[in-house]
$ cat query_39.tsv   # TSV, C-alpha atoms and all ligand atoms
chain	number	residue	atom	x	y	z
I	44	MET	CA	58.84	4.31	-179.90
I	45	LYS	CA	56.72	2.15	-177.62
I	46	LYS	CA	59.11	2.84	-174.78
I	47	PHE	CA	58.93	6.53	-175.44
I	48	LEU	CA	55.14	6.35	-175.44
I	49	ALA	CA	55.20	4.33	-172.23
I	50	VAL	CA	57.38	6.90	-170.53
I	51	LEU	CA	55.22	9.68	-171.90
I	52	SER	CA	52.08	8.00	-170.66
I	53	THR	CA	53.52	7.49	-167.20
I	54	LEU	CA	54.60	11.10	-167.04
I	55	VAL	CA	51.08	12.12	-167.96
I	56	MET	CA	49.89	9.73	-165.28
I	57	VAL	CA	52.03	11.35	-162.65
I	58	GLY	CA	50.28	14.59	-163.41
I	59	THR	CA	46.99	12.74	-163.33
I	60	LEU	CA	47.74	11.15	-159.99
I	61	ALA	CA	48.85	14.45	-158.59
I	62	SER	CA	45.65	16.15	-159.67
I	63	CYS	CA	43.56	13.25	-158.39
I	64	GLY	CA	45.34	13.60	-155.09
I	65	ALA	CA	44.18	17.17	-154.91
I	66	THR	CA	40.58	16.68	-155.90
I	67	SER	CA	39.44	13.12	-155.39
I	68	SER	CA	38.02	11.91	-152.13
I	69	SER	CA	38.11	8.35	-153.25
I	70	SER	CA	41.65	7.07	-152.74
I	71	ASP	CA	40.50	5.69	-149.41
I	72	ASN	CA	37.64	3.76	-150.91
I	73	GLY	CA	39.63	0.56	-150.88
I	74	THR	CA	39.88	0.62	-147.15
I	75	GLY	CA	36.76	2.59	-146.39
I	76	ALA	CA	34.59	0.10	-148.22
I	77	ASN	CA	35.78	-2.72	-145.99
I	78	THR	CA	35.98	-1.19	-142.58
I	79	ASN	CA	34.44	-4.29	-140.98
I	80	SER	CA	37.16	-6.71	-141.97
I	81	ASN	CA	40.07	-4.99	-143.65
I	82	THR	CA	43.01	-5.00	-141.29
I	83	GLU	CA	44.36	-1.76	-142.68
I	84	SER	CA	42.55	1.52	-142.57
I	85	LYS	CA	43.41	5.09	-143.23
I	86	THR	CA	42.66	7.99	-141.01
I	87	ASP	CA	40.63	9.63	-143.76
I	88	ALA	CA	38.69	6.47	-144.64
I	89	LYS	CA	35.16	7.01	-145.89
I	90	PRO	CA	32.11	5.18	-144.57
I	91	ALA	CA	31.30	1.82	-146.13
I	92	ASP	CA	28.37	3.14	-148.11
I	93	ASP	CA	30.51	5.76	-149.81
I	94	SER	CA	32.63	3.37	-151.82
I	95	SER	CA	31.73	4.71	-155.26
I	96	SER	CA	33.79	7.66	-156.28
I	97	LYS	CA	32.03	10.17	-158.49
I	98	THR	CA	33.43	12.27	-161.23
I	99	ASP	CA	31.77	14.95	-163.27
I	100	ASP	CA	33.52	14.10	-166.51
I	101	SER	CA	31.43	11.20	-167.71
I	102	SER	CA	31.06	12.37	-171.31
I	103	SER	CA	33.41	9.77	-172.79
I	104	SER	CA	32.16	6.92	-170.66
I	105	GLY	CA	28.41	7.45	-170.55
I	106	GLY	CA	28.67	7.59	-166.76
I	107	LYS	CA	29.45	3.91	-166.51
I	108	THR	CA	30.77	2.34	-163.33
I	109	VAL	CA	33.67	-0.08	-163.15
I	110	GLY	CA	33.98	-2.42	-160.17
I	111	ILE	CA	37.59	-3.18	-159.22
I	112	ALA	CA	38.33	-6.07	-156.84
I	113	MET	CA	41.90	-6.15	-155.52
I	114	PRO	CA	43.19	-8.95	-153.26
I	115	THR	CA	44.66	-7.09	-150.31
I	116	LYS	CA	46.37	-3.94	-149.16
I	117	SER	CA	48.91	-5.97	-147.21
I	118	LEU	CA	51.00	-6.79	-150.30
I	119	GLU	CA	52.52	-3.60	-151.66
I	120	ARG	CA	51.85	-3.97	-155.34
I	121	TRP	CA	48.06	-4.16	-155.07
I	122	ASN	CA	47.96	-0.74	-153.49
I	123	ARG	CA	49.68	0.58	-156.58
I	124	ASP	CA	47.37	-1.35	-158.91
I	125	GLY	CA	44.28	-0.06	-157.14
I	126	GLU	CA	45.61	3.48	-157.20
I	127	TYR	CA	46.61	3.51	-160.85
I	128	LEU	CA	43.47	1.75	-162.08
I	129	LYS	CA	41.23	4.08	-160.16
I	130	ALA	CA	43.05	7.20	-161.33
I	131	GLN	CA	43.06	6.16	-164.98
I	132	PHE	CA	39.41	5.08	-165.08
I	133	GLU	CA	38.28	8.25	-163.34
I	134	GLU	CA	40.38	10.34	-165.67
I	135	ALA	CA	38.59	8.63	-168.57
I	136	GLY	CA	35.25	9.61	-167.04
I	137	TYR	CA	34.18	6.35	-165.39
I	138	LYS	CA	32.91	5.95	-161.87
I	139	VAL	CA	34.93	3.47	-159.85
I	140	GLU	CA	33.99	1.13	-157.04
I	141	LEU	CA	37.25	-0.21	-155.59
I	142	LYS	CA	37.49	-2.91	-152.94
I	143	TYR	CA	40.36	-4.71	-151.28
I	144	SER	CA	39.36	-8.02	-149.72
I	145	ASP	CA	42.04	-8.64	-147.10
I	146	ASN	CA	43.26	-11.83	-148.83
I	147	ASP	CA	39.99	-13.48	-147.72
I	148	THR	CA	38.20	-15.40	-150.48
I	149	ASN	CA	34.77	-15.16	-148.80
I	150	GLN	CA	35.18	-11.44	-148.49
I	151	GLN	CA	36.19	-11.12	-152.13
I	152	ASN	CA	33.09	-13.06	-153.18
I	153	ASN	CA	30.96	-10.80	-150.97
I	154	ASP	CA	32.65	-7.67	-152.30
I	155	ILE	CA	32.03	-8.71	-155.89
I	156	GLN	CA	28.43	-9.67	-155.09
I	157	GLY	CA	28.05	-6.16	-153.68
I	158	MET	CA	29.31	-4.68	-156.94
I	159	ILE	CA	26.91	-6.84	-158.93
I	160	ALA	CA	24.08	-5.62	-156.69
I	161	ASP	CA	25.29	-2.08	-157.31
I	162	LYS	CA	24.91	-2.77	-161.04
I	163	VAL	CA	28.46	-1.97	-162.07
I	164	ASP	CA	28.95	-2.14	-165.84
I	165	LEU	CA	32.22	-4.07	-165.81
I	166	LEU	CA	34.25	-6.05	-163.27
I	167	LEU	CA	38.06	-6.03	-163.05
I	168	ILE	CA	39.18	-8.75	-160.69
I	169	ALA	CA	42.60	-9.69	-159.33
I	170	ALA	CA	41.55	-12.96	-157.71
I	171	ILE	CA	42.79	-14.00	-154.30
I	172	ASP	CA	42.12	-17.62	-155.21
I	173	GLY	CA	41.43	-18.15	-158.90
I	174	ASN	CA	39.32	-21.22	-158.11
I	175	THR	CA	36.76	-19.73	-155.76
I	176	LEU	CA	34.86	-17.23	-157.87
I	177	SER	CA	32.87	-19.45	-160.26
I	178	GLN	CA	29.44	-18.98	-158.67
I	179	THR	CA	29.86	-15.26	-158.17
I	180	LEU	CA	30.98	-14.81	-161.77
I	181	ALA	CA	28.03	-16.88	-162.99
I	182	ASP	CA	25.89	-14.30	-161.20
I	183	ALA	CA	27.81	-11.50	-162.93
I	184	LYS	CA	27.21	-13.17	-166.26
I	185	ASP	CA	23.48	-13.51	-165.53
I	186	ALA	CA	23.45	-9.79	-164.76
I	187	GLY	CA	25.14	-9.07	-168.10
I	188	ILE	CA	28.37	-7.80	-166.53
I	189	SER	CA	31.61	-8.55	-168.39
I	190	VAL	CA	34.62	-9.63	-166.38
I	191	ILE	CA	38.32	-8.96	-166.98
I	192	ALA	CA	40.77	-11.10	-165.01
I	193	TYR	CA	43.38	-8.60	-163.88
I	194	ASP	CA	46.95	-9.87	-163.46
I	195	ARG	CA	45.82	-13.30	-162.14
I	196	LEU	CA	43.78	-15.67	-164.28
I	197	ILE	CA	40.37	-16.67	-162.88
I	198	MET	CA	39.86	-20.40	-163.22
I	199	ASN	CA	36.90	-22.68	-163.98
I	200	THR	CA	34.45	-20.17	-165.33
I	201	ASP	CA	33.23	-19.17	-168.76
I	202	ALA	CA	32.25	-15.76	-167.39
I	203	VAL	CA	35.69	-14.17	-167.78
I	204	SER	CA	36.10	-12.40	-171.12
I	205	TYR	CA	39.73	-11.28	-171.11
I	206	TYR	CA	42.92	-11.58	-169.13
I	207	VAL	CA	45.30	-8.61	-168.79
I	208	SER	CA	48.65	-9.40	-167.23
I	209	PHE	CA	52.37	-9.67	-167.83
I	210	ASP	CA	54.05	-12.62	-169.44
I	211	ASN	CA	54.22	-14.58	-166.21
I	212	TYR	CA	56.42	-17.41	-167.47
I	213	THR	CA	58.95	-14.85	-168.69
I	214	VAL	CA	59.08	-13.31	-165.21
I	215	GLY	CA	60.46	-16.61	-163.87
I	216	LYS	CA	62.65	-17.10	-166.91
I	217	LEU	CA	64.30	-13.70	-166.35
I	218	GLN	CA	65.06	-14.69	-162.75
I	219	GLY	CA	66.63	-17.98	-163.91
I	220	GLU	CA	68.64	-16.25	-166.64
I	221	TYR	CA	69.89	-13.70	-164.13
I	222	VAL	CA	71.29	-16.58	-162.05
I	223	ILE	CA	72.90	-18.19	-165.11
I	224	ASP	CA	74.71	-14.92	-165.90
I	225	ALA	CA	75.61	-14.04	-162.31
I	226	LEU	CA	77.22	-17.45	-161.69
I	227	ASP	CA	78.55	-17.66	-165.26
I	228	LEU	CA	77.04	-21.14	-165.42
I	229	LYS	CA	77.79	-21.52	-169.10
I	230	ASN	CA	81.52	-21.42	-168.42
I	231	SER	CA	81.77	-22.62	-164.85
I	232	ASP	CA	81.46	-26.18	-163.51
I	233	GLY	CA	80.18	-25.16	-160.12
I	234	PRO	CA	78.63	-26.83	-158.32
I	235	PHE	CA	76.57	-24.07	-156.74
I	236	ASN	CA	73.75	-24.54	-154.25
I	237	ILE	CA	70.31	-23.09	-154.91
I	238	GLU	CA	66.99	-23.09	-153.06
I	239	PHE	CA	63.62	-22.02	-154.46
I	240	THR	CA	60.87	-20.02	-152.78
I	241	ALA	CA	57.65	-19.89	-154.79
I	242	GLY	CA	54.31	-18.12	-154.37
I	243	ASP	CA	50.77	-18.83	-153.28
I	244	PRO	CA	49.34	-22.06	-154.73
I	245	ALA	CA	45.92	-20.36	-154.95
I	246	ASP	CA	47.40	-17.79	-157.37
I	247	ASN	CA	47.50	-19.15	-160.90
I	248	ASN	CA	50.52	-16.95	-161.66
I	249	ALA	CA	52.69	-18.63	-159.04
I	250	GLY	CA	53.19	-21.84	-161.04
I	251	TYR	CA	54.14	-19.87	-164.16
I	252	PHE	CA	56.80	-17.93	-162.25
I	253	PHE	CA	58.25	-21.08	-160.70
I	254	ASN	CA	58.22	-23.04	-163.95
I	255	GLY	CA	59.79	-20.18	-165.89
I	256	ALA	CA	62.69	-20.03	-163.43
I	257	TYR	CA	63.06	-23.77	-163.01
I	258	ASP	CA	62.95	-24.46	-166.75
I	259	ALA	CA	65.63	-21.82	-167.37
I	260	LEU	CA	67.90	-23.56	-164.85
I	261	LYS	CA	66.93	-27.17	-165.51
I	262	ASP	CA	69.85	-28.05	-167.78
I	263	TYR	CA	72.30	-26.81	-165.15
I	264	ILE	CA	70.47	-28.70	-162.40
I	265	ASP	CA	70.46	-31.87	-164.51
I	266	ALA	CA	74.17	-31.41	-165.28
I	267	GLY	CA	74.98	-31.08	-161.58
I	268	LYS	CA	76.28	-27.52	-161.88
I	269	LEU	CA	73.41	-26.42	-159.67
I	270	LYS	CA	72.50	-28.51	-156.65
I	271	ILE	CA	69.44	-28.25	-154.42
I	272	PRO	CA	70.58	-29.60	-151.02
I	273	SER	CA	67.05	-29.53	-149.54
I	274	GLY	CA	65.80	-31.75	-152.38
I	275	LYS	CA	62.82	-29.39	-152.78
I	276	THR	CA	62.46	-29.36	-156.53
I	277	LYS	CA	58.66	-29.21	-156.86
I	278	PHE	CA	56.45	-26.14	-156.74
I	279	GLU	CA	54.28	-27.66	-153.97
I	280	GLN	CA	57.36	-28.12	-151.76
I	281	VAL	CA	58.43	-24.49	-151.98
I	282	ALA	CA	55.08	-22.66	-152.29
I	283	THR	CA	54.34	-19.84	-149.85
I	284	ASP	CA	50.73	-19.37	-148.74
I	285	SER	CA	49.43	-15.85	-149.40
I	286	TRP	CA	52.89	-14.83	-150.64
I	287	SER	CA	53.59	-14.12	-146.98
I	288	THR	CA	56.91	-12.54	-146.00
I	289	ASP	CA	56.71	-14.16	-142.56
I	290	LYS	CA	56.11	-17.63	-143.98
I	291	ALA	CA	58.97	-17.21	-146.46
I	292	LEU	CA	61.21	-16.12	-143.58
I	293	GLU	CA	60.24	-19.13	-141.48
I	294	ASN	CA	60.64	-21.58	-144.38
I	295	MET	CA	64.11	-20.25	-145.20
I	296	GLN	CA	65.13	-20.36	-141.53
I	297	ASN	CA	64.13	-24.03	-141.46
I	298	THR	CA	66.00	-24.74	-144.69
I	299	LEU	CA	69.13	-23.01	-143.41
I	300	ALA	CA	68.98	-24.90	-140.10
I	301	SER	CA	68.44	-28.25	-141.81
I	302	TYR	CA	70.80	-28.07	-144.79
I	303	TYR	CA	73.17	-25.14	-144.52
I	304	THR	CA	74.96	-25.29	-141.17
I	305	SER	CA	78.19	-26.10	-142.97
I	306	THR	CA	77.16	-25.76	-146.62
I	307	GLN	CA	77.33	-22.65	-148.75
I	308	LEU	CA	74.06	-21.25	-150.11
I	309	ASP	CA	74.72	-19.54	-153.44
I	310	VAL	CA	71.24	-18.70	-154.68
I	311	ALA	CA	67.82	-18.09	-153.13
I	312	LEU	CA	65.52	-18.01	-156.14
I	313	CYS	CA	62.45	-16.16	-154.87
I	314	SER	CA	59.44	-15.68	-157.12
I	315	ASN	CA	58.58	-12.20	-155.86
I	316	ASP	CA	59.57	-9.39	-153.56
I	317	SER	CA	57.29	-10.15	-150.61
I	318	THR	CA	58.87	-13.61	-150.30
I	319	ALA	CA	62.37	-12.28	-151.09
I	320	LEU	CA	62.00	-9.88	-148.18
I	321	GLY	CA	61.51	-12.77	-145.74
I	322	VAL	CA	64.25	-14.85	-147.33
I	323	ALA	CA	66.78	-11.99	-147.19
I	324	GLN	CA	65.87	-11.47	-143.54
I	325	ALA	CA	66.47	-15.18	-142.81
I	326	ILE	CA	69.83	-15.01	-144.58
I	327	SER	CA	70.81	-11.93	-142.54
I	328	SER	CA	69.85	-13.50	-139.24
I	329	ASP	CA	70.39	-17.25	-139.67
I	330	TYR	CA	72.95	-17.91	-142.40
I	331	SER	CA	76.47	-18.54	-141.13
I	332	GLY	CA	78.26	-18.63	-144.52
I	333	LYS	CA	80.65	-15.85	-145.46
I	334	ASN	CA	79.33	-15.27	-148.99
I	335	THR	CA	76.36	-13.15	-150.00
I	336	PRO	CA	73.82	-15.41	-151.75
I	337	ILE	CA	72.05	-14.21	-154.89
I	338	VAL	CA	68.43	-13.35	-154.04
I	339	THR	CA	65.91	-12.77	-156.83
I	340	GLY	CA	62.54	-11.02	-156.66
I	341	GLN	CA	59.72	-9.44	-158.61
I	342	ASP	CA	57.66	-6.23	-158.35
I	343	GLY	CA	60.00	-3.39	-157.38
I	344	ASP	CA	58.59	-3.06	-153.87
I	345	ILE	CA	60.17	-0.20	-151.94
I	346	ALA	CA	61.66	-2.35	-149.15
I	347	ASN	CA	63.20	-4.66	-151.73
I	348	LEU	CA	64.68	-1.79	-153.70
I	349	LYS	CA	66.31	-0.73	-150.44
I	350	ASN	CA	67.65	-4.26	-150.04
I	351	ILE	CA	69.03	-4.08	-153.57
I	352	VAL	CA	70.88	-0.86	-152.69
I	353	ASP	CA	72.14	-2.51	-149.48
I	354	GLY	CA	73.27	-5.67	-151.30
I	355	LYS	CA	70.75	-7.97	-149.60
I	356	GLN	CA	68.78	-8.66	-152.79
I	357	SER	CA	70.33	-8.95	-156.23
I	358	MET	CA	67.53	-8.10	-158.66
I	359	THR	CA	63.82	-7.66	-159.08
I	360	VAL	CA	61.73	-8.34	-162.15
I	361	TYR	CA	59.82	-5.15	-162.72
I	362	LYS	CA	56.29	-5.05	-164.06
I	363	ASN	CA	55.02	-1.53	-164.64
I	364	VAL	CA	51.54	-1.76	-163.15
I	365	ASN	CA	50.69	1.70	-164.42
I	366	ASP	CA	51.05	0.25	-167.93
I	367	GLU	CA	48.96	-2.74	-166.85
I	368	ALA	CA	46.25	-0.36	-165.70
I	369	ALA	CA	46.46	1.56	-169.00
I	370	ALA	CA	46.10	-1.64	-171.02
I	371	THR	CA	43.15	-2.69	-168.86
I	372	LEU	CA	41.51	0.67	-169.47
I	373	GLU	CA	41.80	0.25	-173.25
I	374	VAL	CA	40.32	-3.27	-173.16
I	375	SER	CA	37.55	-2.03	-170.85
I	376	LYS	CA	36.71	0.95	-173.05
I	377	ALA	CA	36.32	-1.34	-176.04
I	378	ILE	CA	34.07	-3.76	-174.14
I	379	LEU	CA	31.96	-0.97	-172.68
I	380	SER	CA	31.43	0.58	-176.07
I	381	GLY	CA	30.17	-2.71	-177.45
I	382	GLN	CA	33.28	-3.77	-179.35
I	383	THR	CA	35.08	-7.11	-179.16
I	384	PRO	CA	38.73	-6.43	-178.37
I	385	ASP	CA	41.17	-8.50	-180.42
I	386	ALA	CA	44.78	-8.48	-181.61
I	387	SER	CA	44.36	-5.08	-183.25
I	388	LEU	CA	43.98	-3.43	-179.85
I	389	VAL	CA	47.66	-4.11	-179.10
I	390	SER	CA	48.78	-1.34	-181.45
I	391	SER	CA	46.78	1.24	-179.50
I	392	LEU	CA	48.45	0.36	-176.18
I	393	SER	CA	51.10	2.71	-174.83
I	394	ALA	CA	53.31	-0.16	-173.64
I	395	GLU	CA	54.65	-3.16	-175.50
I	396	ALA	CA	52.27	-6.12	-175.29
I	397	THR	CA	51.23	-9.30	-177.06
I	398	TYR	CA	47.79	-10.75	-177.68
I	399	ASP	CA	47.72	-14.43	-176.77
I	400	THR	CA	44.81	-16.73	-177.55
I	401	GLU	CA	46.54	-20.01	-176.68
I	402	SER	CA	48.38	-19.99	-173.38
I	403	TYR	CA	45.82	-19.24	-170.68
I	404	ASN	CA	43.31	-22.05	-170.41
I	405	ASN	CA	41.27	-21.61	-167.25
I	406	GLY	CA	39.83	-25.12	-167.30
I	407	VAL	CA	36.71	-24.07	-169.17
I	408	LYS	CA	38.04	-21.90	-171.97
I	409	VAL	CA	41.20	-20.35	-173.31
I	410	VAL	CA	40.95	-16.78	-172.13
I	411	PRO	CA	42.20	-14.22	-174.68
I	412	SER	CA	45.10	-12.43	-173.02
I	413	TYR	CA	46.93	-9.15	-173.33
I	414	LEU	CA	50.41	-9.73	-171.91
I	415	LEU	CA	52.83	-6.93	-171.13
I	416	VAL	CA	56.59	-7.24	-170.96
I	417	PRO	CA	58.55	-7.54	-167.67
I	418	TYR	CA	62.20	-6.54	-167.32
I	419	VAL	CA	65.09	-6.93	-164.91
I	420	ILE	CA	66.15	-4.21	-162.47
I	421	THR	CA	69.48	-4.36	-160.65
I	422	LYS	CA	71.31	-1.86	-158.46
I	423	ASP	CA	72.89	-0.12	-161.44
I	424	LYS	CA	69.52	0.19	-163.22
I	425	LEU	CA	67.46	1.89	-160.53
I	426	ASP	CA	67.28	5.08	-162.58
I	427	VAL	CA	65.18	3.15	-165.08
I	428	LEU	CA	62.50	3.02	-162.38
I	429	VAL	CA	62.84	6.74	-161.74
I	430	ASP	CA	62.35	7.29	-165.48
I	431	THR	CA	58.91	5.65	-165.23
I	432	GLY	CA	57.78	8.55	-163.05
I	433	LEU	CA	56.53	6.09	-160.44
I	434	TYR	CA	59.63	6.24	-158.22
I	435	LYS	CA	61.94	9.01	-157.05
I	436	TRP	CA	65.19	9.18	-155.10
I	437	ASP	CA	64.89	10.06	-151.42
I	438	SER	CA	66.40	13.27	-150.07
I	439	ASP	CA	69.77	11.54	-149.54
I	440	ASN	CA	69.75	10.18	-153.11
I	441	LYS	CA	70.28	6.75	-151.61
I	442	TYR	CA	67.02	4.80	-151.72
I	443	LEU	CA	63.97	4.95	-153.94
I	444	GLU	CA	60.56	6.11	-152.79
I	445	SER	CA	57.24	5.74	-154.53
I	446	THR	CA	55.60	8.77	-156.10
I	447	ALA	CA	52.18	7.16	-155.57
I	448	LYS	CA	50.01	8.17	-152.66
I	449	THR	CA	49.45	4.81	-151.02
I	450	THR	CA	52.91	3.36	-150.60
A	1	LIG	C1	51.53	-10.96	-158.98
A	1	LIG	C2	52.89	-10.58	-158.46
A	1	LIG	C3	52.85	-10.42	-156.95
A	1	LIG	C4	52.13	-11.59	-156.26
A	1	LIG	C5	51.89	-11.30	-154.80
A	1	LIG	C6	51.03	-12.18	-158.24
A	1	LIG	O1	49.81	-12.59	-158.74
A	1	LIG	O2	51.59	-11.19	-160.37
A	1	LIG	O3	53.31	-9.39	-159.07
A	1	LIG	O4	54.14	-10.36	-156.44
A	1	LIG	O5	50.90	-11.84	-156.88
A	1	LIG	O6	51.20	-10.13	-154.61
$ encode --input "query_39.tsv" --output "structure tokens" --more "lines below"
Ligand code: BGC
Amino acid sequence: MKKFLAVLSTLVMVGTLASCGATSSSSDNGTGANTNSNTESKTDAKPADDSSSKTDDSSSSGGKTVGIAMPTKSLERWNRDGEYLKAQFEEAGYKVELKYSDNDTNQQNNDIQGMIADKVDLLLIAAIDGNTLSQTLADAKDAGISVIAYDRLIMNTDAVSYYVSFDNYTVGKLQGEYVIDALDLKNSDGPFNIEFTAGDPADNNAGYFFNGAYDALKDYIDAGKLKIPSGKTKFEQVATDSWSTDKALENMQNTLASYYTSTQLDVALCSNDSTALGVAQAISSDYSGKNTPIVTGQDGDIANLKNIVDGKQSMTVYKNVNDEAAATLEVSKAILSGQTPDASLVSSLSAEATYDTESYNNGVKVVPSYLLVPYVITKDKLDVLVDTGLYKWDSDNKYLESTAKTT
């Protein structure tokens, strides 16, 4: 039933996005608001002072404004998050101020300070670095503005009220379990060789992804069925600053040159798609083995889905960010109407989710969390993505394209 509702809601959203595309002038706000320092801009970008999009339908929202701070437009998924959040909040009658901060922590602090000065009623923040927002969020708290940590937990502050994300540990676990099945580790002695590529140490999620994958595989590593020739077994040794494709490429090239000139690489366990893209590129250009290593990912980025079709990536863990936006909207509505969201809100969400009041301690408090469910996509399951309404087949029916405007 939940799945049906999720599909229904995304189909409704497609209509919503389409109609927003026709009438809203605000899809460029993310870039237009940051014309001084954002590296990406659109030809139809609006001037910096026009970053609040207006909508006439404010009856259900009391004309309230929601400030949305996204990390960057340079990583594909945040474009989708910004797009879906903005569309859903506007559809519900809220005004939206949306900023992307070019993966620059100073800029994100400045952008959020700007929203506080603009007297937004609520802040949704996907932090670039979860440790650098404490002072700014203290200012938000002083101004009476509630904060939702979106997708990434914000650390060391009591000013964050809720966390809306996916079950991050499970994302890594699904990647590890995929490897166990693909190599039939339960029945095979191996040994197989694996290397890890993890995410940005500034992103609180990155450790969860790595640990989820490593823990799933630990017994096989301990038993010697899986070997790590580089010896890089710790998150810090395999982290990738800013989740950069180029850095992941370079790191894998170095690993291949140092450890794999005459050794077979069986698995490149990558925490997400932006890093998997670089790793797959390194394997294409610098790996001399005859086999095709397993490459994992996360997000369902378009270039990675192409690699999955072409056999250069094996799977991606998909997180429907349209559902994440919908859950965030429900939590926000409750906060903005003076309620205190709790476990009961889960039943009103269109996608399957859990309410967790134990797992996400940000150093100051355990932040109550709504966690959605990720799932595995492989080449034979690409139609599942099409069924979400967020992807479609290209004209050759070969690769997937996004139905969203920004990607
Ligand atoms: C998100 C991932 C994403 C990564 C890089 C993480 O915080 O949860 O979905 O791949 O950031 O953008």
$ closest_residue --input "query_39.tsv" --among "I:Lys408, I:Lys107, I:Lys435, I:Lys441" --to "Thr200 in chain I" --atoms "all atoms listed in the file"
I:Lys408
$ residues_near_ligand --input "query_39.tsv" --ligand "ligand LIG 1 (chain A)" --cutoff "9 Å" --atoms "all atoms listed in the file" --output "number ranges by chain"
I: 114-115, 117-121, 169-171, 194-196, 208-209, 211, 242-243, 246-249, 252, 285-287, 314-318, 340-342, 344, 361-362, 364
$ closest_residue --input "query_39.tsv" --among "I:Gln324, I:Ala282, I:Ile337, I:Leu372" --to "Ile223 in chain I" --atoms "all atoms listed in the file"
I:Ile337
$ closest_residue --input "query_39.tsv" --among "I:Thr306, I:Thr288, I:Asn363, I:Gln156" --to "Val322 in chain I" --atoms "only C-alpha atoms"
I:Thr288
$ residues_near_point --input "query_39.tsv" --point "(64.5, -24.4, -142.4)" --cutoff "12 Å" --atoms "all atoms listed in the file" --output "MDAnalysis selection string"
chainID I and resid 238 240 272:273 275 281 290:304 322 325:326 329:330
$ axis_aligned_box --input "query_39.tsv" --around "range 405-415 of chain I" --padding-each-side "3 Å" --output "lines of an AutoDock Vina configuration file"
center_x = 44.8
center_y = -16.0
center_z = -171.0
size_x = 22.1
size_y = 24.2
size_z = 13.4
$ closest_residue --input "query_39.tsv" --among "I:Asp164, I:Glu220, I:Asp145, I:Asp182" --to "Leu312 in chain I" --atoms "all atoms listed in the file"
I:Glu220
$ closest_residue --input "query_39.tsv" --among "I:Ala368, I:Ala160, I:Ala181, I:Leu392" --to "Glu126 in chain I" --atoms "all atoms listed in the file"
I:Ala368
$ residues_around --input "query_39.tsv" --residues "Lys184 in chain I" --least-positions-apart "5" --cutoff "9 Å" --atoms "all atoms listed in the file" --output "mmCIF file with C-alpha atoms, in the frame of the given file"
data_model
loop_
_atom_site.group_PDB
_atom_site.id
_atom_site.type_symbol
_atom_site.label_atom_id
_atom_site.label_comp_id
_atom_site.auth_asym_id
_atom_site.auth_seq_id
_atom_site.Cartn_x
_atom_site.Cartn_y
_atom_site.Cartn_z
ATOM 1 C CA THR I 179 29.860 -15.260 -158.170
ATOM 2 C CA SER I 189 31.610 -8.550 -168.390
ATOM 3 C CA VAL I 190 34.620 -9.630 -166.380
ATOM 4 C CA ASP I 201 33.230 -19.170 -168.760
ATOM 5 C CA ALA I 202 32.250 -15.760 -167.390
ATOM 6 C CA VAL I 203 35.690 -14.170 -167.780
#
$ atom_distance --input "query_39.tsv" --atom1 "CA of Met198 in chain I" --atom2 "CA of Val409 in chain I"
10.2 Å
$ atom_distance --input "query_39.tsv" --atom1 "CA of Asn405 in chain I" --atom2 "CA of Tyr193 in chain I"
13.6 Å
$ closest_residue --input "query_39.tsv" --among "I:Asn230, I:Ser177, I:Asn350, I:Thr400" --to "Leu320 in chain I" --atoms "only C-alpha atoms"
I:Asn350
$ atom_distance --input "query_39.tsv" --atom1 "CA of Val109 in chain I" --atom2 "CA of Phe132 in chain I"
8.0 Å
$ residues_around --input "query_39.tsv" --residues "Tyr257 in chain I" --least-positions-apart "6" --cutoff "10 Å" --atoms "only C-alpha atoms" --output "list of chain:residue names"
I:Gly215, I:Lys216, I:Gln218, I:Gly219, I:Phe239, I:Tyr251, I:Tyr263, I:Ile264, I:Thr276, I:Lys277, I:Phe278, I:Leu312
